[in-house]
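Source file work_31.cif; content: mmCIF, C-alpha atoms and all ligand atoms.
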```
data_protein
loop_
_atom_site.label_atom_id
_atom_site.label_comp_id
_atom_site.auth_asym_id
_atom_site.auth_seq_id
_atom_site.Cartn_x
_atom_site.Cartn_y
_atom_site.Cartn_z
CA MET A 11 46.45 69.66 -66.84
CA GLN A 12 49.60 68.01 -65.44
CA LYS A 13 50.27 64.53 -66.80
CA GLU A 14 50.01 61.75 -64.21
CA LYS A 15 53.25 59.98 -63.28
CA ILE A 16 52.67 56.90 -61.14
CA LEU A 17 54.98 55.03 -58.76
CA VAL A 18 53.99 51.44 -57.91
CA ILE A 19 55.79 50.20 -54.77
CA GLY A 20 55.85 46.41 -54.42
CA ALA A 21 55.42 45.99 -58.19
CA SER A 22 57.02 42.53 -58.34
CA GLY A 23 54.36 40.95 -56.10
CA GLN A 24 51.11 39.09 -56.77
CA ILE A 25 49.03 42.24 -57.30
CA GLY A 26 51.87 44.57 -58.30
CA VAL A 27 52.70 42.85 -61.59
CA GLU A 28 49.13 42.91 -62.91
CA LEU A 29 48.30 46.36 -61.54
CA THR A 30 51.46 47.85 -63.07
CA MET A 31 50.60 46.36 -66.48
CA ALA A 32 47.00 47.62 -66.25
CA LEU A 33 48.16 51.13 -65.25
CA ARG A 34 50.70 51.16 -68.10
CA LYS A 35 47.88 50.44 -70.57
CA ILE A 36 45.93 53.46 -69.29
CA TYR A 37 48.69 56.00 -68.58
CA GLY A 38 51.43 54.88 -70.99
CA ASN A 39 54.42 52.65 -70.23
CA ALA A 40 56.85 55.48 -69.48
CA ASN A 41 54.47 57.11 -66.97
CA VAL A 42 54.22 54.13 -64.62
CA ILE A 43 57.41 53.44 -62.64
CA ALA A 44 57.56 49.95 -61.14
CA SER A 45 59.61 49.58 -57.94
CA ASP A 46 60.36 46.81 -55.47
CA LEU A 47 62.90 45.64 -52.92
CA ARG A 48 63.49 42.47 -54.91
CA GLU A 49 64.48 42.20 -58.54
CA GLN A 50 62.07 43.10 -61.30
CA ASN A 51 59.48 40.42 -61.97
CA PRO A 52 60.29 38.88 -65.41
CA LEU A 53 56.73 39.62 -66.58
CA LEU A 54 57.46 43.35 -66.25
CA GLU A 55 60.74 43.27 -68.15
CA GLY A 56 60.68 45.47 -71.24
CA THR A 57 57.25 46.93 -70.42
CA GLY A 58 58.43 50.16 -68.74
CA PRO A 59 60.77 51.76 -66.18
CA TYR A 60 61.84 49.91 -63.03
CA VAL A 61 63.71 51.16 -59.94
CA SER A 62 65.01 49.09 -57.06
CA MET A 63 63.76 50.68 -53.83
CA ASP A 64 63.12 50.05 -50.13
CA VAL A 65 59.93 51.79 -48.96
CA MET A 66 61.39 51.84 -45.43
CA ASN A 67 64.06 54.27 -46.65
CA LYS A 68 62.09 57.53 -46.65
CA GLU A 69 64.90 59.62 -48.13
CA MET A 70 65.38 57.24 -51.04
CA LEU A 71 61.62 57.22 -51.64
CA HIS A 72 61.46 61.02 -51.46
CA VAL A 73 64.32 61.37 -53.96
CA GLN A 74 62.56 59.04 -56.42
CA VAL A 75 59.28 60.96 -56.08
CA LEU A 76 61.05 64.26 -56.86
CA ARG A 77 63.37 62.90 -59.54
CA GLN A 78 60.57 61.18 -61.46
CA ASN A 79 57.97 63.96 -60.91
CA ILE A 80 55.61 61.43 -59.33
CA THR A 81 51.97 62.52 -58.93
CA GLN A 82 50.40 59.25 -57.65
CA ILE A 83 51.66 56.35 -55.53
CA TYR A 84 50.23 52.82 -55.34
CA LEU A 85 51.73 51.24 -52.20
CA LEU A 86 51.59 47.43 -52.34
CA ALA A 87 54.66 46.48 -50.26
CA ALA A 88 53.53 44.61 -47.13
CA ILE A 89 53.93 41.40 -45.15
CA LEU A 90 50.76 39.31 -45.36
CA SER A 91 48.87 37.35 -42.70
CA ALA A 92 50.67 33.99 -42.54
CA THR A 93 54.22 35.37 -42.88
CA GLY A 94 53.29 38.13 -40.42
CA GLU A 95 52.52 35.62 -37.66
CA LYS A 96 56.04 34.21 -38.05
CA ASN A 97 57.64 37.63 -37.56
CA PRO A 98 55.14 40.04 -35.97
CA GLY A 99 57.69 42.82 -35.33
CA LEU A 100 58.85 42.90 -38.93
CA ALA A 101 55.26 42.83 -40.25
CA TRP A 102 54.19 45.73 -38.02
CA ASN A 103 57.32 47.71 -38.91
CA LEU A 104 57.05 47.31 -42.70
CA ASN A 105 53.27 47.68 -42.89
CA MET A 106 53.22 50.84 -40.74
CA THR A 107 56.50 52.58 -41.63
CA GLY A 108 55.98 52.02 -45.36
CA LEU A 109 52.51 53.58 -45.21
CA LEU A 110 53.55 56.53 -43.03
CA ASN A 111 56.52 57.27 -45.30
CA VAL A 112 54.24 57.37 -48.32
CA LEU A 113 51.52 59.46 -46.62
CA ASP A 114 54.07 61.99 -45.32
CA ILE A 115 55.65 62.43 -48.75
CA ALA A 116 52.20 62.63 -50.38
CA ARG A 117 51.34 65.49 -48.00
CA GLU A 118 54.67 67.31 -48.44
CA GLU A 119 54.75 67.00 -52.23
CA LYS A 120 50.99 67.46 -52.69
CA LEU A 121 50.61 64.24 -54.68
CA HIS A 122 47.30 63.95 -56.53
CA LYS A 123 46.36 60.51 -55.19
CA VAL A 124 47.59 57.57 -53.11
CA TYR A 125 46.33 53.97 -53.22
CA TRP A 126 46.91 51.60 -50.31
CA PRO A 127 45.12 48.26 -49.88
CA SER A 128 43.65 47.03 -46.64
CA SER A 129 42.26 43.52 -46.18
CA ILE A 130 39.38 41.42 -44.85
CA ALA A 131 41.99 40.59 -42.17
CA VAL A 132 40.91 43.74 -40.29
CA PHE A 133 37.89 41.72 -39.14
CA GLY A 134 38.26 39.43 -36.14
CA PRO A 135 36.34 36.65 -34.38
CA THR A 136 33.79 39.12 -32.96
CA SER A 137 32.82 40.50 -36.41
CA PRO A 138 29.75 38.99 -38.14
CA LYS A 139 30.69 35.83 -40.09
CA GLN A 140 28.14 36.25 -42.89
CA ASN A 141 27.83 39.36 -45.06
CA CYS A 142 30.18 41.26 -42.78
CA PRO A 143 29.18 44.94 -43.09
CA GLN A 144 31.33 47.99 -43.83
CA GLN A 145 30.96 49.30 -40.30
CA THR A 146 30.83 46.71 -37.53
CA ILE A 147 32.76 45.36 -34.55
CA ILE A 148 36.40 45.18 -35.68
CA GLU A 149 38.79 43.40 -33.31
CA PRO A 150 41.58 41.76 -35.39
CA THR A 151 43.70 39.03 -33.81
CA THR A 152 46.62 38.82 -36.29
CA VAL A 153 49.47 41.34 -36.48
CA TYR A 154 48.62 41.76 -40.16
CA GLY A 155 45.00 42.63 -39.33
CA ILE A 156 46.08 45.03 -36.58
CA SER A 157 48.48 46.78 -38.97
CA LYS A 158 45.80 47.05 -41.67
CA TYR A 159 43.22 48.47 -39.25
CA ALA A 160 45.73 51.00 -37.88
CA GLY A 161 46.70 51.83 -41.49
CA GLU A 162 43.06 52.49 -42.39
CA PHE A 163 42.86 55.11 -39.65
CA TRP A 164 46.13 56.71 -40.73
CA CYS A 165 44.67 57.06 -44.25
CA HIS A 166 41.51 58.60 -42.79
CA TYR A 167 43.60 60.96 -40.64
CA PHE A 168 45.80 62.17 -43.52
CA ASN A 169 42.70 62.73 -45.64
CA GLN A 170 40.77 64.68 -43.01
CA ARG A 171 43.71 66.60 -41.52
CA PHE A 172 45.90 67.29 -44.57
CA GLY A 173 43.59 66.68 -47.53
CA VAL A 174 45.64 63.77 -48.93
CA ASP A 175 43.44 61.97 -51.50
CA VAL A 176 44.19 58.45 -50.28
CA ARG A 177 41.84 55.61 -51.28
CA SER A 178 41.64 52.03 -50.14
CA ILE A 179 39.93 48.66 -50.61
CA ARG A 180 39.73 45.77 -48.14
CA TYR A 181 40.70 43.05 -50.62
CA PRO A 182 39.46 39.50 -50.01
CA GLY A 183 41.84 36.61 -50.80
CA LEU A 184 43.07 37.16 -54.36
CA ILE A 185 43.35 34.36 -56.94
CA SER A 186 45.64 34.79 -59.95
CA TYR A 187 47.89 32.86 -62.33
CA LYS A 188 50.54 35.43 -63.33
CA SER A 189 52.57 36.15 -60.19
CA PRO A 190 52.54 33.85 -57.14
CA PRO A 191 51.00 34.94 -53.80
CA GLY A 192 53.33 36.20 -51.08
CA GLY A 193 52.47 34.43 -47.79
CA GLY A 194 48.77 34.79 -47.04
CA THR A 195 46.17 32.48 -45.49
CA THR A 196 44.14 32.48 -48.71
CA ASP A 197 47.13 31.29 -50.82
CA TYR A 198 45.69 27.74 -50.87
CA ALA A 199 43.16 28.88 -53.48
CA VAL A 200 46.07 29.56 -55.88
CA GLU A 201 48.31 26.61 -54.95
CA ILE A 202 45.42 24.18 -55.52
CA PHE A 203 45.33 25.01 -59.27
CA HIS A 204 49.08 24.50 -59.75
CA ASP A 205 49.04 21.15 -57.89
CA ALA A 206 45.86 20.03 -59.65
CA LEU A 207 47.45 20.57 -63.07
CA GLU A 208 50.91 19.25 -62.15
CA GLU A 209 50.11 16.37 -59.74
CA MET A 210 46.33 15.94 -59.89
CA LYS A 211 46.23 16.12 -56.07
CA TYR A 212 46.51 18.81 -53.40
CA GLU A 213 47.06 18.75 -49.62
CA CYS A 214 45.20 21.74 -48.20
CA PHE A 215 46.38 23.60 -45.07
CA LEU A 216 42.77 24.59 -44.22
CA LYS A 217 39.85 22.32 -43.29
CA GLU A 218 37.36 21.38 -46.02
CA ASP A 219 34.55 23.58 -44.69
CA THR A 220 36.57 26.81 -44.20
CA TYR A 221 34.63 29.47 -46.11
CA LEU A 222 36.53 32.67 -46.94
CA PRO A 223 35.83 35.76 -49.07
CA MET A 224 37.79 35.59 -52.34
CA MET A 225 38.16 37.51 -55.60
CA TYR A 226 39.65 36.80 -59.02
CA MET A 227 42.52 39.15 -59.93
CA PRO A 228 40.86 40.76 -62.98
CA ASP A 229 38.03 41.90 -60.68
CA ALA A 230 40.52 43.16 -58.07
CA ILE A 231 42.47 45.18 -60.65
CA ARG A 232 39.26 46.64 -62.06
CA ALA A 233 37.99 47.51 -58.56
CA THR A 234 41.27 49.30 -57.81
CA ILE A 235 41.24 51.33 -61.01
CA GLU A 236 37.52 52.15 -60.74
CA LEU A 237 38.00 53.37 -57.18
CA MET A 238 41.02 55.47 -58.16
CA GLU A 239 39.26 57.00 -61.17
CA ALA A 240 36.01 57.83 -59.37
CA PRO A 241 35.40 61.55 -58.69
CA ALA A 242 36.71 62.44 -55.21
CA GLU A 243 33.26 63.49 -53.96
CA LYS A 244 32.00 59.91 -54.48
CA ILE A 245 34.63 58.48 -52.14
CA LYS A 246 32.86 58.81 -48.81
CA ILE A 247 34.85 56.12 -46.97
CA ARG A 248 38.40 57.25 -46.27
CA THR A 249 39.34 54.27 -44.12
CA SER A 250 38.82 51.39 -46.60
CA TYR A 251 35.97 49.93 -48.66
CA ASN A 252 34.57 46.40 -48.29
CA VAL A 253 34.42 44.75 -51.74
CA SER A 254 33.06 41.28 -52.42
CA GLY A 255 33.74 38.78 -55.19
CA MET A 256 32.81 35.27 -54.10
CA SER A 257 32.95 32.96 -51.07
CA PHE A 258 33.81 29.26 -51.11
CA SER A 259 35.42 26.49 -49.06
CA PRO A 260 38.34 24.19 -50.05
CA LYS A 261 35.79 21.39 -50.62
CA GLU A 262 33.76 23.54 -53.00
CA ILE A 263 36.73 24.74 -55.09
CA ALA A 264 38.01 21.13 -55.28
CA LEU A 265 34.62 20.00 -56.66
CA GLU A 266 34.74 22.81 -59.22
CA ILE A 267 38.27 21.82 -60.31
CA LYS A 268 37.14 18.18 -60.60
CA LYS A 269 34.68 19.25 -63.31
CA HIS A 270 37.75 20.10 -65.45
CA ILE A 271 40.21 17.50 -64.08
CA PRO A 272 38.13 14.44 -63.02
CA GLU A 273 41.20 12.62 -61.55
CA PHE A 274 41.91 15.48 -59.11
CA SER A 275 41.77 14.67 -55.38
CA ILE A 276 42.19 16.81 -52.27
CA SER A 277 43.32 15.93 -48.72
CA TYR A 278 43.42 18.13 -45.63
CA LYS A 279 46.20 18.85 -43.15
CA PRO A 280 45.26 22.04 -41.28
CA ASP A 281 48.14 24.06 -39.80
CA TYR A 282 48.52 27.39 -37.94
CA ARG A 283 46.75 29.18 -40.79
CA GLN A 284 43.45 27.49 -39.81
CA GLU A 285 43.21 29.70 -36.73
CA ILE A 286 43.80 32.82 -38.83
CA ALA A 287 41.09 31.76 -41.30
CA ASN A 288 38.68 30.99 -38.45
CA SER A 289 39.04 34.55 -37.19
CA TRP A 290 37.88 36.11 -40.49
CA PRO A 291 34.37 36.52 -41.93
CA GLN A 292 33.11 34.00 -44.48
CA SER A 293 31.47 36.58 -46.72
CA ILE A 294 31.44 40.36 -47.11
CA ASP A 295 28.69 42.95 -47.58
CA ASP A 296 29.93 45.57 -50.03
CA THR A 297 26.74 47.64 -50.41
CA THR A 298 28.63 50.88 -49.61
CA ALA A 299 31.18 50.38 -52.45
CA ARG A 300 28.33 49.52 -54.84
CA ASN A 301 26.39 52.66 -53.89
CA ASP A 302 29.34 55.08 -53.71
CA TRP A 303 31.35 54.24 -56.84
CA GLY A 304 29.38 51.52 -58.60
CA TRP A 305 31.40 48.40 -57.74
CA LYS A 306 30.19 45.07 -59.20
CA GLU A 307 32.15 41.83 -59.50
CA GLU A 308 32.18 39.76 -62.71
CA PHE A 309 33.72 36.43 -61.72
CA ASN A 310 32.05 33.71 -59.64
CA LEU A 311 33.68 30.41 -58.60
CA ALA A 312 32.82 28.58 -61.86
CA ALA A 313 34.00 31.40 -64.18
CA MET A 314 37.20 31.96 -62.17
CA THR A 315 38.04 28.22 -62.12
CA GLN A 316 37.58 27.86 -65.85
CA ASP A 317 39.72 30.92 -66.60
CA MET A 318 42.49 29.84 -64.16
CA ILE A 319 42.72 26.37 -65.69
CA GLU A 320 42.66 27.64 -69.27
CA ASN A 321 45.44 30.15 -68.59
CA LEU A 322 47.63 27.85 -66.47
CA LYS A 323 47.44 25.17 -69.18
CA LYS A 324 48.89 27.70 -71.65
P1 LIG B 1 53.19 40.23 -52.32
O1 LIG B 1 53.86 39.72 -51.11
O2 LIG B 1 52.95 39.32 -53.46
O3 LIG B 1 53.97 41.50 -52.88
C1 LIG B 1 54.51 42.49 -52.05
C2 LIG B 1 55.73 43.04 -52.73
O4 LIG B 1 56.31 44.04 -51.87
C3 LIG B 1 56.83 41.99 -52.96
O5 LIG B 1 57.23 41.96 -54.32
C4 LIG B 1 57.98 42.43 -52.06
O6 LIG B 1 59.26 42.17 -52.60
C5 LIG B 1 57.72 43.93 -51.95
N1 LIG B 1 58.35 44.50 -50.75
C6 LIG B 1 58.47 43.94 -49.53
N2 LIG B 1 59.15 44.75 -48.70
C7 LIG B 1 59.45 45.85 -49.42
C8 LIG B 1 60.14 47.06 -49.12
N3 LIG B 1 60.67 47.26 -47.91
N4 LIG B 1 60.28 47.99 -50.08
C9 LIG B 1 59.76 47.79 -51.34
N5 LIG B 1 59.10 46.66 -51.68
C10 LIG B 1 58.95 45.71 -50.73
O7 LIG B 1 51.80 40.90 -51.83
P2 LIG B 1 50.47 41.13 -52.67
O8 LIG B 1 49.61 39.96 -52.50
O9 LIG B 1 50.78 41.63 -54.01
O10 LIG B 1 49.80 42.27 -51.78
C11 LIG B 1 49.92 43.64 -52.09
C12 LIG B 1 49.08 44.41 -51.09
O11 LIG B 1 47.71 43.97 -51.14
C13 LIG B 1 49.53 44.25 -49.63
O12 LIG B 1 49.29 45.46 -48.93
C14 LIG B 1 48.57 43.21 -49.11
O13 LIG B 1 48.39 43.31 -47.72
C15 LIG B 1 47.29 43.56 -49.85
N6 LIG B 1 46.36 42.45 -49.92
C16 LIG B 1 46.66 41.34 -50.67
C17 LIG B 1 45.75 40.28 -50.72
C18 LIG B 1 46.03 39.04 -51.53
O14 LIG B 1 45.26 38.09 -51.45
N7 LIG B 1 47.09 39.01 -52.31
C19 LIG B 1 44.56 40.37 -49.99
C20 LIG B 1 44.31 41.48 -49.22
C21 LIG B 1 45.21 42.54 -49.21
N1 LIG B 2 45.13 37.14 -48.85
C1 LIG B 2 45.49 37.85 -47.67
C2 LIG B 2 46.06 36.95 -46.64
O1 LIG B 2 45.67 35.80 -46.61
C3 LIG B 2 44.30 38.58 -47.10
O2 LIG B 2 44.71 39.85 -46.80
O3 LIG B 2 46.88 37.36 -45.90
#
```

Output the file's structure as structure tokens, nothing else.
Ligand code: NAD
Ligand code: SER
Amino acid sequence: MQKEKILVIGASGQIGVELTMALRKIYGNANVIASDLREQNPLLEGTGPYVSMDVMNKEMLHVQVLRQNITQIYLLAAILSATGEKNPGLAWNLNMTGLLNVLDIAREEKLHKVYWPSSIAVFGPTSPKQNCPQQTIIEPTTVYGISKYAGEFWCHYFNQRFGVDVRSIRYPGLISYKSPPGGGTTDYAVEIFHDALEEMKYECFLKEDTYLPMMYMPDAIRATIELMEAPAEKIKIRTSYNVSGMSFSPKEIALEIKKHIPEFSISYKPDYRQEIANSWPQSIDDTTARNDWGWKEEFNLAAMTQDMIENLKK
């Protein structure tokens, strides 16, 4: 059997750093090539090969895939919801062109597998707010959500038409302590920990009762790897899977942090991101992922908060 050789695009980002390290543990350091437009994240230094690359440059990407004998691509390069609203044209261009470049090369070079994440941002104000199902009304109102929904259908199309084994998860907001988030609406749930530990106060850009679906990074990395390692016949959804971790509001996470840092206080100054958050569901129904490939989260709000604080203190 041919050895897997994996290219991670967007490896210096919030998910990329941890996913690259997890893949290197499984497949061996030399078999996981990290790549990004920006410089290598310091946490990746010395852990395996790195190439500087722009996913918009299809030729450059194609050359790397051939030169390195790549068999799988994890595409993480994207512009997220909040940054996307500041520059909708750029967000659409990167999120679509990057994906189409990867899917085209995967088809031409018969890659074994492709991973591309979607987001809860595909859902819009007309989707159910509670336990939002896998299949429902989907009318996104952000450019990020539109690009993710279009991307889901491109993945489905390349799978059905050309047999590309592309798999996807609609991540909720991701909380982590290793690499900072890159411009999303859920970023407050990471910033709050840094400010709590450094200043014992945090000014939140969302209102206190804004519930959003969230997940701790170890669960997100495990979900990604479990999905990618599941037998192909179990992957019945070729757009993107709902997965759920937890759901909380800024007020609730602040109360949880206060259990560890009693002096901590939170204030609220909602900005343009409030409207984005209001358009998304508050919680997600992931029954299909559970039934198809056995997904189950481990971290709830209390366990995640304790682990974040312990690790950030280090
Ligand atoms: P991030 O912004 O932290 O990282 C993205 C990385 O892509 C950055 O390091 C950036 O330098 C790189 N990049 C940007 N343009 C590039 C280009 N042209 N060529 C090569 N690299 C380029 O984002 P993230 O949070 O790690 O998200 C990764 C993926 O997961 C994205 O598709 C995002 O939409 C999705 N997602 C993330 C979350 C979350 O909460 N973090 C939630 C849902 C979905
Ligand atoms: N965390 C992401 C964002 O807020 C959700 O895709 O943009």

6 Å shell around ligand LIG 1 (chain B) using only C-alpha atoms and all ligand atoms, listed as an NGL selection string: :A and (19-26 or 46-48 or 63-66 or 86-88 or 90 or 127-129 or 181-184 or 191-192)

Show me which residues line ligand LIG 2 (chain B), defined as having an atom within 10 Å of a ligand atom where all atoms listed in the file count, and present them as a CSV table (one decimal) with C-alpha atoms, keeping the file's coordinate frame.
```
chain,number,residue,atom,x,y,z
A,88,ALA,CA,53.5,44.6,-47.1
A,89,ILE,CA,53.9,41.4,-45.2
A,90,LEU,CA,50.8,39.3,-45.4
A,91,SER,CA,48.9,37.4,-42.7
A,92,ALA,CA,50.7,34.0,-42.5
A,93,THR,CA,54.2,35.4,-42.9
A,94,GLY,CA,53.3,38.1,-40.4
A,127,PRO,CA,45.1,48.3,-49.9
A,128,SER,CA,43.6,47.0,-46.6
A,129,SER,CA,42.3,43.5,-46.2
A,130,ILE,CA,39.4,41.4,-44.8
A,131,ALA,CA,42.0,40.6,-42.2
A,132,VAL,CA,40.9,43.7,-40.3
A,152,THR,CA,46.6,38.8,-36.3
A,154,TYR,CA,48.6,41.8,-40.2
A,155,GLY,CA,45.0,42.6,-39.3
A,158,LYS,CA,45.8,47.0,-41.7
A,180,ARG,CA,39.7,45.8,-48.1
A,181,TYR,CA,40.7,43.0,-50.6
A,182,PRO,CA,39.5,39.5,-50.0
A,183,GLY,CA,41.8,36.6,-50.8
A,184,LEU,CA,43.1,37.2,-54.4
A,185,ILE,CA,43.4,34.4,-56.9
A,191,PRO,CA,51.0,34.9,-53.8
A,192,GLY,CA,53.3,36.2,-51.1
A,193,GLY,CA,52.5,34.4,-47.8
A,194,GLY,CA,48.8,34.8,-47.0
A,195,THR,CA,46.2,32.5,-45.5
A,196,THR,CA,44.1,32.5,-48.7
A,197,ASP,CA,47.1,31.3,-50.8
A,198,TYR,CA,45.7,27.7,-50.9
A,199,ALA,CA,43.2,28.9,-53.5
A,222,LEU,CA,36.5,32.7,-46.9
A,223,PRO,CA,35.8,35.8,-49.1
A,224,MET,CA,37.8,35.6,-52.3
A,225,MET,CA,38.2,37.5,-55.6
A,283,ARG,CA,46.8,29.2,-40.8
A,286,ILE,CA,43.8,32.8,-38.8
A,287,ALA,CA,41.1,31.8,-41.3
A,290,TRP,CA,37.9,36.1,-40.5
```

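Atom CA of Asp229 of chain A to atom CA of Glu307 of chain A spans 6.0 Å [interatomic distance, one decimal].
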
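For the residues A:Ala230, A:Met210, A:Cys142, A:Leu322, ranking by smallest atom-to-atom distance to Ile294 of chain A using only C-alpha atoms places A:Cys142 first.
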
Box time for segment 307-318 of chain A: axis-aligned, enclosing all its listed atoms, 3 Å extra on each side; report centre and edge lengths in Å to one decimal, as JSON.
```
{"center_x": 37.3, "center_y": 34.8, "center_z": -62.6, "size_x": 16.4, "size_y": 20.0, "size_z": 14.0}
```

Asn310 of chain A environment, 8 Å, all atoms listed in the file, sequence neighbours closer than 3 positions dropped, as a list in words: Gly255, Met256, Ala313 and Met314 of chain A

Nearest residue to His166 of chain A from the set A:Ala240, A:Ser250, A:Tyr212, A:Pro135 (distances using all atoms listed in the file):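 With all atoms listed in the file as the atom set, the closest residue is A:Ser250.
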
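Taking all atoms listed in the file into account, Phe274 of chain A lies nearest to A:Phe203 out of the set A:Phe215, A:Phe203, A:Tyr226, A:Phe258.
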
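When only C-alpha atoms are used to measure the gap to Glu209 of chain A, the shortest distance among A:Ile231, A:Ser275, A:Ile179, A:Glu262 belongs to A:Ser275.
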
Would you mind listing what lies within 8 Å of Leu109 of chain A as a JSON list (two decimals) with C-alpha atoms, keeping the file's coordinate frame, with all atoms listed in the file counted and same-chain residues fewer than 3 positions away left out?
```json
[["chain", "number", "residue", "atom", "x", "y", "z"],
["A", 85, "LEU", "CA", 51.73, 51.24, -52.20],
["A", 105, "ASN", "CA", 53.27, 47.68, -42.89],
["A", 106, "MET", "CA", 53.22, 50.84, -40.74],
["A", 112, "VAL", "CA", 54.24, 57.37, -48.32],
["A", 113, "LEU", "CA", 51.52, 59.46, -46.62],
["A", 126, "TRP", "CA", 46.91, 51.60, -50.31],
["A", 161, "GLY", "CA", 46.70, 51.83, -41.49]]
```

Exercise: residues within 7 Å of coordinate (47.6, 31.1, -62.4), counting all atoms listed in the file, as a PyMOL selection string: chain A and resi 186-188+200+318+321-322

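Residue nearest Ala233 of chain A within the list A:Gln140, A:Asn67, A:Ser178, A:Ser189: A:Ser178 [criterion: smallest interatomic distance, all atoms listed in the file].
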
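Closest approach to Glu28 of chain A among A:Asn169, A:Gln74, A:Thr146, A:Thr234: A:Thr234, based on all atoms listed in the file.
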